[in-house]
Amino acid sequence: MLKVTNLECVRGENSLFKDINFILEAGELLQVNGPNGSGKTSLLRILCGLAKPAYGEIQWRGNFIHSLDEEYHSVITYLGHLNGVKDNLTAIENLCISCALAGNEIDEKKAYGALQYMGLGGREALPVKVLSQGQRRRVTLARLLVCSTVLWILDEPLVALDNAAVDLVQRLLEQHLEEGGMVVMTTHQEINVTAVLTKRLQLV
Amino acid sequence: MLKVTNLECVRGENSLFKDINFILEAGELLQVNGPNGSGKTSLLRILCGLAKPAYGEIQWRGNFIHSLDEEYHSVITYLGHLNGVKDNLTAIENLCISCALAGNEIDEKKAYGALQYMGLGGREALPVKVLSQGQRRRVTLARLLVCSTVLWILDEPLVALDNAAVDLVQRLLEQHLEEGGMVVMTTHQEINVTAVLTKRLQLV
Amino acid sequence: MNWASWSDFFAMGGYGFYVWGSYLVFLLCIIGEIVLIINRRRTLHKQLSLIHKATKQEMSNETTP
Amino acid sequence: MAINWFKYSSPPSFYSLAGKMIPLFSITSIVLFALGLYIGFFVAPTDFQQSEAYRIIFIHVPAAWMSMFLYLIMAGWAAIGLAFNTRLSSMIATAIAPTGAMFTFLALWTGAFWGKPMWGTWWVWDARLTSELILLFLYIGFMALQAAIDDPRRADKAGAVIALVGVVNIPIIYFSVKWWNTLHQGATVSLTQSPKMATTMLTGMLIMSLACWMYSIAVILMRTRTIILERERNTMWVSDLQGAA
Amino acid sequence: MFLWVIRRDLLLAMRQRADVLTTLFFFVIVVSLFPLGVGPEINMLRAMAPGVVWVAALLASMLSLERMFFSDYLDGTLEQMLLSPEPLSLLVLGKALAHWLVTGVPLALIAPILGVQFDLSIDALLVLTASLLLGTPILSLIGAIGAALTLGLRGGGVLVSLLVLPLYIPVLIFGAGAVEASSVGLGASAHLSLLGAFLLLSLVFAPWAAAVALRISLE
Amino acid sequence: MFLWVIRRDLLLAMRQRADVLTTLFFFVIVVSLFPLGVGPEINMLRAMAPGVVWVAALLASMLSLERMFFSDYLDGTLEQMLLSPEPLSLLVLGKALAHWLVTGVPLALIAPILGVQFDLSIDALLVLTASLLLGTPILSLIGAIGAALTLGLRGGGVLVSLLVLPLYIPVLIFGAGAVEASSVGLGASAHLSLLGAFLLLSLVFAPWAAAVALRISLE
Ligand code: HEM
Ligand SMILES: Nc1ncnc2c1ncn2[C@@H]1O[C@H](COP(=O)(O)OP(=O)(O)OP(=O)(O)O)[C@@H](O)[C@H]1O
Ligand SMILES: Nc1ncnc2c1ncn2[C@@H]1O[C@H](COP(=O)(O)OP(=O)(O)OP(=O)(O)O)[C@@H](O)[C@H]1O
Ligand SMILES: [Mg+2]
Ligand SMILES: [Mg+2]
């Protein structure tokens, strides 16, 4: 359903990667590997339309993503290196607002439930700045629980998480893939997710 | 000659380390190890007087360093995470100026020799911004060749260097230690320097 | 006693607006400052008790299983 | 005695001490305010020059005095914090600033409301008025700087530097009437006809000033307590306090 | 969703009151600098008051522009906004509006107090407030373009001033003109309606241009 | 070594000419905004010229303060300076002087041209330049304290203005006062010598205070 052909990315003066081709179907997971600076983040940003490739095409259900634009945005959820949470807002405010910005307004109860599930029970009303790094990451990841998008693009979702939280995320991904979702992700850590098909893409 | 007693460092609200004690004599190397965020940089900054410890004392040849102040500065060379080189100045200008700021004016010829030795021959007159990351680091390290200080405090000097440069730095350290100098350094890489005595300090 | 009547008192010899304008703002400032401090204290206490509860919950979670 | 001082300079003991002192100062200030206002409105006679408008003096002068005193005290505590690295004195300095700013604002406001009937204009750009305005900016700069710094220790020290640099303004305010020939004079009021009236007026003013002092101390202690709690939220004694509550 | 952006920015402004107040005080200080530089003659002060207040408003609004997108850029929220299914220009409009509510409106409300210090008449004070209320949203909207273009650039502060100050000039002329016209007894309505026209124009075009600029800066 | 700091900062300014020019353009634009805001009456313009030029100089000098330590802070040079065997206050003095040479002097030199637009007399123009040459180093010196205090803070730009503008006021009063005095025929020497006294005072105290502030900010 997501089809990538001959993708090339140029940053500065040198080409980071070229001739990337893959097709991702419902229920499939694509894991992008590579050392620091090999272009993983650049690829993910291109996939969700934040950056333009130097060459190549990306199709979603047969349409080029640059022609779909906002329609495409409503089927993807991208979580980047940065958390996108505001230090001065509480966890629950952050979750509600980031969902609303993603075009998916949720009520407090649902947000409360999601935070509870992510192990933040009792901390919903604290400003995020007093939370630890791992807890902040959990606030970000809580969005995955309440969003209803098909394609998840996750850049190092496991960073700063402890083992319990890593398990939680793995189960979340499995459930999403079982329901016919798709996931593109990078990680330097080991992860085991039972998907219909796990593809790997190695950048150098 | 460098004597540290009961050092404690507090950042924000929690204590990074406490009860650090060591003595460093002429010809000795102290290697500080520890995971990210364990306080290595904080320790080094305290050692050179850039930050104040929450508790404890540091003595240089029997005098407290905060009473020596500028006198102490003239016997140490500190190279931090940051390169302290200016993008818009050439390599040779950078070297001359940083030496002059350290109270040790050198002539162009000496600077030229040092850069040559660090493998930057032919690149002295280029603005640093066109150099690669490793080459910038070499410009910084060239200061070690021309300075005449006793105590070197080096924060991850090997970052971004290739094998040839790592060897160069190791030889430089050995020579300095043989001449009765002292070195305190951190590194995540393996290093083998033959010193009178290599001490290790593990932070957690 | 300086004032023949209450209206005399409020008129302040024709300068009522200025005198009462000053005193009123003085009063408002004082009340406002106290309210602000009490508010700040109350939100802080709320936060502290939330943290306290959360840590206590965690501690009991760790010890029970 | 010395040991006692030492004891109360630690935040937890200061916290409980301040808790006991606050009611004392609040009650005194309420009593003094009542007394001062009574004297100001019912005992002090009408001024022959300014009629009733002069009654603004009972808040204008205390507010103006407090604005300057509080700045000096704030800078003093901040300097102690900077020199001796004592946390508590820096916290007190931080707690003084909003109250000082409020009194500065009040001096300006009441001065303006006095100037309109007396000078015919709300504001003139004369030396004393301007320097008082600058004082307000200095307080606000101090608060803004501290608010912008997340690390409280750095905030304390940086605030101390700017507070100390700003101290030059205080003599300028105080002596501005002497150094420059300005519209603002202190003489009008003390020139009332009989010494008896001058004394009642003076007592009114002094009692109001004393009331402002007591009020300031009470409010500053309250704020210091809150700041102590905010900064020490991770320490044992605060969580013990929380557990007890 | 547009409302969510505004709501969020206002909430943030509430939590970081210091930032908002700093802009306001900058405005007050700059306005107060002029009498000190020019001297206390009340007639001259009165004549220059509209220009001074307006120039100070321009500068205050411009200096606070940096804040409009920068913290969202740093913490990744801006990326998320670019990926939102709503049109980006609507989001930008929301942010510009929030910026106006947080800087423009307080400026307009405090301006009469400053005007009193310059001995302006009641009429002139009213027109001053009205012209600021009409004009400051234009400043926020045009400023959004400049802020988006200089996002993450070194020396962004001075650069943004070079980009947007020239564009602010028409607003300055008609805004200050309105106050002057009313203080010499001519009606201010012509000037004010021109400002209104500018406002409409920038409401239509600026969000779109700023959205394009944002996409360029974030690529 | 003091000379090395100056030499280095001038060399850097030469290489990044855009930064220097931006400050200058900001000054020119702000001064030119006033006639637009106030209207074209030449008598009034002449009367307000000293104040306007001085306020613009204050703002331009203030906005360029951020640059004084910031890039050195980011790339680690400032740490090296703190570890230099020379006293830090001497280094700060060098940096403030370089800042003055790069911003203050060009401002003072271009001011007469702007003054001509306001129809100032030759005498007044000379005094304007002299007062700017005497006053701008004070701005750089006091500004160094503010820049050092706000190093690396969120919203540093507006904050530094809050901190230093109140302290700039005496310079503004006597600087603009000198020009006015000379244009009404009184001698400017009293004002200028007061400025000189300020300069001496700030030469003694400001580098020291800024050095303390730098140490605090870098800890
Ligand atoms: C906004 C305008 C004003 C400001 C900022 C202001 C500021 C001050 C300050 C700072 C002081 C205390 C200085 C000292 O203790 O010597 C003071 C005292 C005083 N002010 Fe004002 N003032 C203003 C307007 C007025 C007006 C309009 C009047 C009366 C016509 C007035 C009458 C007085 C008197 C009588 C004192 C007491 C002087 C003394 O005996 O110590 N003020 N004012
Ligand atoms: N504007 C630019 N100009 C020149 N080079 C750039 C630019 N932007 C990024 N690069 C380079 O492109 C490379 C790819 O970066 P990218 O963030 O995609 O790597 P990554 O695989 O995600 O690495 P990591 O594992 O560290 O996250 C890096 O080497 C970076 O230095
Ligand atoms: N102002 C501060 N407030 C709170 N915590 C801080 C502050 N400054 C630093 N820290 C924390 O102190 C810890 C020590 O940092 P430091 O730079 O000394 O680590 P390090 O051992 O050098 O790590 P690395 O290997 O990554 O260089 C970090 O966890 C950091 O988050
Ligand atoms: Mg990456
Ligand atoms: Mg480190």
# chains A, B, ... in the order shown; residues from 1 in each chain; ligands from 1
call {"tool": "residues_near_ligand", "arguments": {"ligand": "ligand 4", "cutoff": "10 Å", "atoms": "only C-alpha atoms and all ligand atoms", "output": "CSV table (one decimal) with N, CA and C atoms, in the first residue's frame"}}
result
chain,number,residue,atom,x,y,z
A,34,GLY,N,21.0,1.1,10.4
A,34,GLY,CA,22.1,1.8,9.9
A,34,GLY,C,22.8,2.6,11.0
A,35,PRO,N,24.1,2.9,10.8
A,35,PRO,CA,24.9,3.6,11.8
A,35,PRO,C,24.4,5.1,11.9
A,36,ASN,N,25.0,5.8,12.9
A,36,ASN,CA,24.7,7.2,13.0
A,36,ASN,C,25.0,8.0,11.7
A,37,GLY,N,24.1,8.8,11.4
A,37,GLY,CA,24.4,9.7,10.2
A,37,GLY,C,24.2,9.0,8.9
A,38,SER,N,23.6,7.8,8.9
A,38,SER,CA,23.5,7.1,7.6
A,38,SER,C,22.2,7.5,6.9
A,39,GLY,N,21.4,8.3,7.5
A,39,GLY,CA,20.2,8.8,6.8
A,39,GLY,C,18.9,8.2,7.2
A,40,LYS,N,18.8,7.6,8.3
A,40,LYS,CA,17.5,7.0,8.8
A,40,LYS,C,16.5,8.1,9.0
A,41,THR,N,16.8,9.0,9.8
A,41,THR,CA,15.9,10.1,10.1
A,41,THR,C,15.5,10.8,8.8
A,42,SER,N,16.5,11.0,7.9
A,42,SER,CA,16.1,11.7,6.6
A,42,SER,C,15.1,10.9,5.8
A,43,LEU,N,15.3,9.6,5.8
A,43,LEU,CA,14.4,8.7,5.1
A,43,LEU,C,13.0,8.8,5.7
A,44,LEU,N,12.9,8.7,7.0
A,44,LEU,CA,11.5,8.8,7.6
A,44,LEU,C,10.9,10.1,7.4
A,45,ARG,N,11.6,11.2,7.4
A,45,ARG,CA,11.1,12.5,7.1
A,45,ARG,C,10.6,12.6,5.7
A,80,GLY,N,8.9,11.7,16.0
A,80,GLY,CA,10.3,11.9,15.6
A,80,GLY,C,11.3,11.8,16.8
A,81,HIS,N,12.5,12.2,16.6
A,81,HIS,CA,13.5,12.3,17.7
A,81,HIS,C,13.0,13.1,18.8
A,155,ASP,N,10.5,7.2,14.8
A,155,ASP,CA,12.0,7.4,14.8
A,155,ASP,C,12.5,7.1,16.2
A,156,GLU,N,13.2,6.0,16.4
A,156,GLU,CA,13.7,5.6,17.7
A,156,GLU,C,12.7,5.7,18.8
A,186,THR,N,12.7,3.0,13.2
A,186,THR,CA,14.2,2.8,13.3
A,186,THR,C,14.4,2.5,14.8
A,187,THR,N,15.4,1.8,15.1
A,187,THR,CA,15.9,1.6,16.5
A,187,THR,C,17.3,1.1,16.5
call {"tool": "select_by_dssp", "arguments": {"residues": "stretch 83-233 of chain D", "states": "helix (DSSP H, G or I)", "output": "PyMOL selection string"}}
result
chain D and resi 83-84+87-119+127-148+152-166+169-179+187-190+195-231
call {"tool": "interface_residues", "arguments": {"of": "chain A", "to": "chain E", "cutoff": "12 Å", "atoms": "only C-alpha atoms", "output": "ChimeraX atom specification"}}
result
/A:11,42,45-53,68-90,93-106,127,136,140,143,149,153
call {"tool": "write_last_selection", "arguments": {"atoms": "N, CA and C atoms", "output": "short mmCIF file (atom, residue, chain, number, x, y, z; two decimals), in the first residue's frame"}}
result
data_model
loop_
_atom_site.label_atom_id
_atom_site.label_comp_id
_atom_site.auth_asym_id
_atom_site.auth_seq_id
_atom_site.Cartn_x
_atom_site.Cartn_y
_atom_site.Cartn_z
N ARG A 11 21.95 15.32 1.12
CA ARG A 11 22.04 16.36 2.14
C ARG A 11 23.37 17.07 1.94
N SER A 42 16.46 11.03 7.90
CA SER A 42 16.15 11.70 6.63
C SER A 42 15.13 10.88 5.84
N ARG A 45 11.65 11.20 7.41
CA ARG A 45 11.05 12.52 7.14
C ARG A 45 10.56 12.61 5.70
N ILE A 46 11.29 11.97 4.79
CA ILE A 46 10.82 11.96 3.41
C ILE A 46 9.54 11.15 3.29
N LEU A 47 9.50 10.02 4.01
CA LEU A 47 8.33 9.16 3.92
C LEU A 47 7.07 9.87 4.38
N CYS A 48 7.19 10.73 5.38
CA CYS A 48 5.96 11.38 5.81
C CYS A 48 5.77 12.74 5.16
N GLY A 49 6.62 13.07 4.21
CA GLY A 49 6.37 14.27 3.43
C GLY A 49 6.93 15.54 4.03
N LEU A 50 7.72 15.43 5.11
CA LEU A 50 8.30 16.64 5.69
C LEU A 50 9.46 17.16 4.85
N ALA A 51 10.15 16.24 4.15
CA ALA A 51 11.25 16.66 3.28
C ALA A 51 11.00 16.07 1.90
N LYS A 52 11.59 16.67 0.92
CA LYS A 52 11.40 16.15 -0.45
C LYS A 52 12.63 15.36 -0.85
N PRO A 53 12.42 14.21 -1.51
CA PRO A 53 13.57 13.42 -1.96
C PRO A 53 14.23 14.09 -3.15
N LEU A 68 -1.56 13.94 -2.57
CA LEU A 68 -2.57 13.73 -1.52
C LEU A 68 -2.48 14.80 -0.44
N ASP A 69 -1.22 15.08 -0.02
CA ASP A 69 -0.97 16.13 0.97
C ASP A 69 -1.78 15.94 2.26
N GLU A 70 -2.77 16.81 2.51
CA GLU A 70 -3.43 16.75 3.81
C GLU A 70 -4.20 15.44 4.03
N GLU A 71 -4.67 14.88 2.94
CA GLU A 71 -5.38 13.61 3.06
C GLU A 71 -4.43 12.52 3.58
N TYR A 72 -3.20 12.56 3.07
CA TYR A 72 -2.19 11.60 3.50
C TYR A 72 -1.86 11.81 4.98
N HIS A 73 -1.79 13.08 5.36
CA HIS A 73 -1.47 13.37 6.77
C HIS A 73 -2.47 12.74 7.73
N SER A 74 -3.72 12.57 7.27
CA SER A 74 -4.72 12.06 8.21
C SER A 74 -4.63 10.55 8.37
N VAL A 75 -3.76 9.87 7.59
CA VAL A 75 -3.61 8.43 7.80
C VAL A 75 -2.27 8.08 8.46
N ILE A 76 -1.39 9.07 8.67
CA ILE A 76 -0.12 8.72 9.28
C ILE A 76 0.04 9.35 10.68
N THR A 77 0.84 8.70 11.48
CA THR A 77 1.28 9.30 12.74
C THR A 77 2.80 9.20 12.75
N TYR A 78 3.47 10.36 12.91
CA TYR A 78 4.92 10.39 12.91
C TYR A 78 5.40 10.80 14.29
N LEU A 79 6.27 9.99 14.87
CA LEU A 79 6.90 10.42 16.12
C LEU A 79 8.41 10.50 15.87
N GLY A 80 8.95 11.70 15.99
CA GLY A 80 10.35 11.93 15.64
C GLY A 80 11.28 11.81 16.84
N HIS A 81 12.53 12.21 16.60
CA HIS A 81 13.52 12.28 17.67
C HIS A 81 13.02 13.14 18.82
N LEU A 82 12.35 14.22 18.44
CA LEU A 82 11.91 15.19 19.44
C LEU A 82 10.55 14.80 19.97
N ASN A 83 10.30 15.12 21.21
CA ASN A 83 9.07 14.65 21.82
C ASN A 83 7.84 15.45 21.42
N GLY A 84 8.03 16.72 21.09
CA GLY A 84 6.87 17.54 20.79
C GLY A 84 5.94 17.72 21.97
N VAL A 85 6.50 17.67 23.19
CA VAL A 85 5.68 17.99 24.35
C VAL A 85 6.18 19.30 24.95
N LYS A 86 5.25 20.03 25.53
CA LYS A 86 5.58 21.34 26.10
C LYS A 86 5.86 21.20 27.58
N ASP A 87 7.01 21.71 28.00
CA ASP A 87 7.42 21.62 29.39
C ASP A 87 6.39 22.18 30.37
N ASN A 88 5.72 23.24 29.96
CA ASN A 88 4.88 23.94 30.92
C ASN A 88 3.44 23.47 30.94
N LEU A 89 3.11 22.53 30.05
CA LEU A 89 1.76 21.99 30.09
C LEU A 89 1.79 20.65 30.84
N THR A 90 0.64 20.26 31.37
CA THR A 90 0.60 18.98 32.07
C THR A 90 0.54 17.85 31.06
N GLU A 93 -2.85 17.71 29.32
CA GLU A 93 -3.02 18.80 28.36
C GLU A 93 -2.20 18.53 27.10
N ASN A 94 -0.96 18.08 27.29
CA ASN A 94 -0.12 17.78 26.15
C ASN A 94 -0.75 16.75 25.24
N LEU A 95 -1.27 15.69 25.84
CA LEU A 95 -1.85 14.62 25.03
C LEU A 95 -3.08 15.11 24.29
N CYS A 96 -3.98 15.78 25.00
CA CYS A 96 -5.20 16.27 24.36
C CYS A 96 -4.86 17.20 23.21
N ILE A 97 -3.92 18.12 23.46
CA ILE A 97 -3.64 19.11 22.44
C ILE A 97 -2.94 18.50 21.25
N SER A 98 -1.99 17.58 21.49
CA SER A 98 -1.30 17.05 20.32
C SER A 98 -2.25 16.19 19.51
N CYS A 99 -3.20 15.51 20.16
CA CYS A 99 -4.20 14.77 19.39
C CYS A 99 -5.07 15.73 18.59
N ALA A 100 -5.49 16.81 19.23
CA ALA A 100 -6.34 17.76 18.52
C ALA A 100 -5.61 18.33 17.33
N LEU A 101 -4.32 18.62 17.48
CA LEU A 101 -3.56 19.16 16.35
C LEU A 101 -3.46 18.13 15.24
N ALA A 102 -3.47 16.85 15.61
CA ALA A 102 -3.42 15.82 14.58
C ALA A 102 -4.80 15.55 14.01
N GLY A 103 -5.75 16.41 14.33
CA GLY A 103 -7.08 16.30 13.73
C GLY A 103 -7.93 15.22 14.37
N ASN A 104 -7.68 14.91 15.63
CA ASN A 104 -8.36 13.79 16.26
C ASN A 104 -8.64 14.19 17.70
N GLU A 105 -9.72 14.96 17.89
CA GLU A 105 -9.99 15.46 19.24
C GLU A 105 -10.44 14.33 20.15
N ILE A 106 -9.89 14.28 21.34
CA ILE A 106 -10.29 13.24 22.28
C ILE A 106 -10.74 13.89 23.57
N PRO A 127 3.04 19.23 35.49
CA PRO A 127 3.67 19.79 34.29
C PRO A 127 4.79 18.85 33.83
N ARG A 136 8.61 11.45 29.90
CA ARG A 136 8.21 12.33 28.81
C ARG A 136 7.97 11.54 27.54
N THR A 140 4.58 11.10 24.97
CA THR A 140 4.53 11.16 23.51
C THR A 140 3.92 9.89 22.94
N ARG A 143 0.15 8.90 22.49
CA ARG A 143 -0.63 9.27 21.30
C ARG A 143 -0.97 8.07 20.45
N THR A 149 -4.87 6.13 13.12
CA THR A 149 -4.24 6.17 11.81
C THR A 149 -3.72 4.78 11.44
N ILE A 153 4.94 6.00 11.63
CA ILE A 153 6.35 6.21 11.28
C ILE A 153 7.07 6.63 12.55
#
call {"tool": "residues_near_ligand", "arguments": {"ligand": "ligand 1", "cutoff": "9 Å", "atoms": "only C-alpha atoms and all ligand atoms", "output": "short mmCIF file (atom, residue, chain, number, x, y, z; two decimals) with N, CA and C atoms, in the first residue's frame"}}
result
data_model
loop_
_atom_site.label_atom_id
_atom_site.label_comp_id
_atom_site.auth_asym_id
_atom_site.auth_seq_id
_atom_site.Cartn_x
_atom_site.Cartn_y
_atom_site.Cartn_z
N GLN D 50 -3.82 72.63 50.11
CA GLN D 50 -4.25 71.58 49.20
C GLN D 50 -5.62 71.05 49.55
N ALA D 53 -6.99 67.07 49.26
CA ALA D 53 -6.22 66.22 48.34
C ALA D 53 -4.95 65.71 49.00
N TYR D 54 -4.47 66.45 49.97
CA TYR D 54 -3.19 66.07 50.56
C TYR D 54 -3.28 64.73 51.29
N ILE D 56 -3.74 62.02 50.32
CA ILE D 56 -3.04 60.97 49.59
C ILE D 56 -1.67 60.74 50.21
N ILE D 57 -1.17 61.74 50.91
CA ILE D 57 0.17 61.62 51.49
C ILE D 57 0.30 60.39 52.37
N HIS D 60 0.99 57.77 49.83
CA HIS D 60 2.04 58.06 48.86
C HIS D 60 3.43 57.96 49.50
N VAL D 61 3.61 58.63 50.60
CA VAL D 61 4.94 58.66 51.20
C VAL D 61 5.37 57.29 51.73
N PRO D 62 4.48 56.58 52.47
CA PRO D 62 4.91 55.23 52.87
C PRO D 62 5.25 54.36 51.67
N ALA D 63 4.43 54.43 50.61
CA ALA D 63 4.71 53.59 49.45
C ALA D 63 6.05 53.96 48.84
N ALA D 64 6.32 55.27 48.73
CA ALA D 64 7.59 55.70 48.12
C ALA D 64 8.77 55.26 48.99
N TRP D 65 8.60 55.43 50.30
CA TRP D 65 9.69 55.00 51.17
C TRP D 65 9.93 53.49 51.05
N MET D 66 8.82 52.74 51.14
CA MET D 66 8.96 51.28 51.08
C MET D 66 9.64 50.85 49.78
N SER D 67 9.29 51.53 48.69
CA SER D 67 9.85 51.10 47.41
C SER D 67 11.36 51.20 47.44
N MET D 68 11.87 52.25 48.08
CA MET D 68 13.33 52.40 48.12
C MET D 68 13.97 51.49 49.15
N THR D 104 6.40 50.36 44.50
CA THR D 104 6.86 51.34 43.52
C THR D 104 5.71 51.76 42.62
N PHE D 105 4.96 50.75 42.19
CA PHE D 105 3.79 51.06 41.36
C PHE D 105 2.85 51.97 42.12
N LEU D 106 2.63 51.66 43.41
CA LEU D 106 1.69 52.48 44.19
C LEU D 106 2.21 53.90 44.36
N ALA D 107 3.51 54.06 44.56
CA ALA D 107 4.06 55.41 44.69
C ALA D 107 3.80 56.19 43.41
N LEU D 108 3.97 55.51 42.27
CA LEU D 108 3.75 56.18 40.99
C LEU D 108 2.27 56.53 40.83
N TRP D 109 1.44 55.55 41.15
CA TRP D 109 0.00 55.73 40.94
C TRP D 109 -0.54 56.84 41.84
N THR D 110 -0.21 56.74 43.12
CA THR D 110 -0.74 57.76 44.03
C THR D 110 -0.13 59.12 43.73
N GLY D 111 1.14 59.10 43.32
CA GLY D 111 1.77 60.37 42.93
C GLY D 111 1.05 61.00 41.76
N ALA D 112 0.69 60.15 40.79
CA ALA D 112 -0.01 60.67 39.62
C ALA D 112 -1.36 61.22 40.02
N PHE D 113 -2.06 60.50 40.92
CA PHE D 113 -3.38 60.94 41.35
C PHE D 113 -3.30 62.17 42.24
N TRP D 114 -2.13 62.44 42.72
CA TRP D 114 -1.93 63.65 43.50
C TRP D 114 -1.49 64.79 42.57
N GLY D 115 -0.70 64.43 41.59
CA GLY D 115 -0.20 65.44 40.67
C GLY D 115 -1.30 66.10 39.86
N LYS D 116 -2.31 65.31 39.47
CA LYS D 116 -3.37 65.87 38.63
C LYS D 116 -4.03 67.07 39.30
N PRO D 117 -4.52 66.94 40.56
CA PRO D 117 -5.10 68.13 41.18
C PRO D 117 -4.08 69.21 41.54
N MET D 118 -2.85 68.82 41.88
CA MET D 118 -1.90 69.81 42.35
C MET D 118 -1.13 70.49 41.22
N TRP D 119 -0.63 69.71 40.28
CA TRP D 119 0.17 70.30 39.21
C TRP D 119 -0.61 70.43 37.92
N THR D 121 -1.41 68.00 35.97
CA THR D 121 -1.07 66.97 34.99
C THR D 121 -0.77 65.66 35.72
N TRP D 122 -1.07 64.57 35.04
CA TRP D 122 -0.83 63.28 35.67
C TRP D 122 0.67 63.02 35.82
N TRP D 123 1.41 63.52 34.87
CA TRP D 123 2.80 63.07 34.79
C TRP D 123 3.65 64.19 34.23
N VAL D 124 4.80 64.40 34.80
CA VAL D 124 5.81 65.24 34.15
C VAL D 124 7.10 64.43 34.13
N ARG D 128 12.69 63.19 39.80
CA ARG D 128 12.27 62.20 40.80
C ARG D 128 11.28 61.22 40.22
N LEU D 129 10.33 61.73 39.47
CA LEU D 129 9.32 60.85 38.90
C LEU D 129 9.97 59.83 37.98
N THR D 130 10.88 60.33 37.14
CA THR D 130 11.54 59.44 36.19
C THR D 130 12.37 58.38 36.89
N SER D 131 13.09 58.82 37.93
CA SER D 131 13.95 57.83 38.58
C SER D 131 13.12 56.80 39.33
N GLU D 132 11.96 57.21 39.81
CA GLU D 132 11.08 56.24 40.46
C GLU D 132 10.56 55.23 39.43
N LEU D 133 10.28 55.73 38.22
CA LEU D 133 9.84 54.84 37.15
C LEU D 133 10.94 53.84 36.82
N ILE D 173 17.17 58.70 43.16
CA ILE D 173 15.78 59.02 43.52
C ILE D 173 15.77 59.95 44.72
N TYR D 174 16.54 59.58 45.74
CA TYR D 174 16.43 60.28 47.00
C TYR D 174 16.91 61.72 46.87
N PHE D 175 18.03 61.90 46.18
CA PHE D 175 18.59 63.24 46.11
C PHE D 175 18.16 64.02 44.88
N SER D 176 17.32 63.39 44.03
CA SER D 176 16.95 64.08 42.79
C SER D 176 16.36 65.45 43.07
N VAL D 177 15.57 65.55 44.16
CA VAL D 177 14.97 66.85 44.44
C VAL D 177 16.02 67.88 44.83
N LEU D 183 9.84 69.77 39.93
CA LEU D 183 8.49 70.14 40.32
C LEU D 183 8.13 69.50 41.66
N HIS D 184 8.65 68.30 41.86
CA HIS D 184 8.29 67.53 43.05
C HIS D 184 9.03 68.09 44.26
N GLN D 185 8.27 68.68 45.21
CA GLN D 185 8.95 69.09 46.42
C GLN D 185 8.32 68.42 47.63
N GLY D 186 9.14 68.21 48.63
CA GLY D 186 8.62 67.65 49.87
C GLY D 186 8.15 68.73 50.81
N ALA D 187 8.43 69.97 50.48
CA ALA D 187 8.22 71.05 51.44
C ALA D 187 6.75 71.38 51.68
N THR D 188 5.91 71.30 50.67
CA THR D 188 4.53 71.77 50.80
C THR D 188 3.83 71.29 52.04
N VAL D 189 4.04 70.06 52.38
CA VAL D 189 3.25 69.48 53.45
C VAL D 189 3.72 69.94 54.82
N SER D 190 5.03 69.98 55.00
CA SER D 190 5.51 70.35 56.33
C SER D 190 5.26 71.83 56.63
#
call {"tool": "residues_around", "arguments": {"residues": "C:Leu48", "least_positions_apart": "4", "cutoff": "8 Å", "atoms": "only C-alpha atoms", "output": "JSON, numbers by chain"}}
result
{"C": [44, 52], "D": [233, 242]}
call {"tool": "write_last_selection", "arguments": {"atoms": "N, CA, C and O atoms", "output": "CSV table (one decimal), in the first residue's frame"}}
result
chain,number,residue,atom,x,y,z
C,44,LEU,N,0.9,24.9,44.6
C,44,LEU,CA,2.1,24.1,45.0
C,44,LEU,C,1.8,23.0,45.9
C,44,LEU,O,2.2,21.8,45.7
C,52,HIS,N,3.5,13.3,46.1
C,52,HIS,CA,3.6,12.4,47.3
C,52,HIS,C,2.8,11.2,47.1
C,52,HIS,O,3.2,10.0,47.4
D,233,ARG,N,11.4,20.9,47.1
D,233,ARG,CA,10.3,19.9,47.0
D,233,ARG,C,10.8,18.5,47.1
D,233,ARG,O,10.0,17.6,47.4
D,242,GLN,N,4.5,16.8,53.9
D,242,GLN,CA,3.4,16.5,53.1
D,242,GLN,C,2.7,15.2,53.7
D,242,GLN,O,1.5,15.2,53.7
call {"tool": "closest_residue", "arguments": {"among": "B:Ile20, B:Ala91, B:Met1, B:Val130", "to": "ligand 2", "atoms": "only C-alpha atoms and all ligand atoms"}}
result
B:Val130
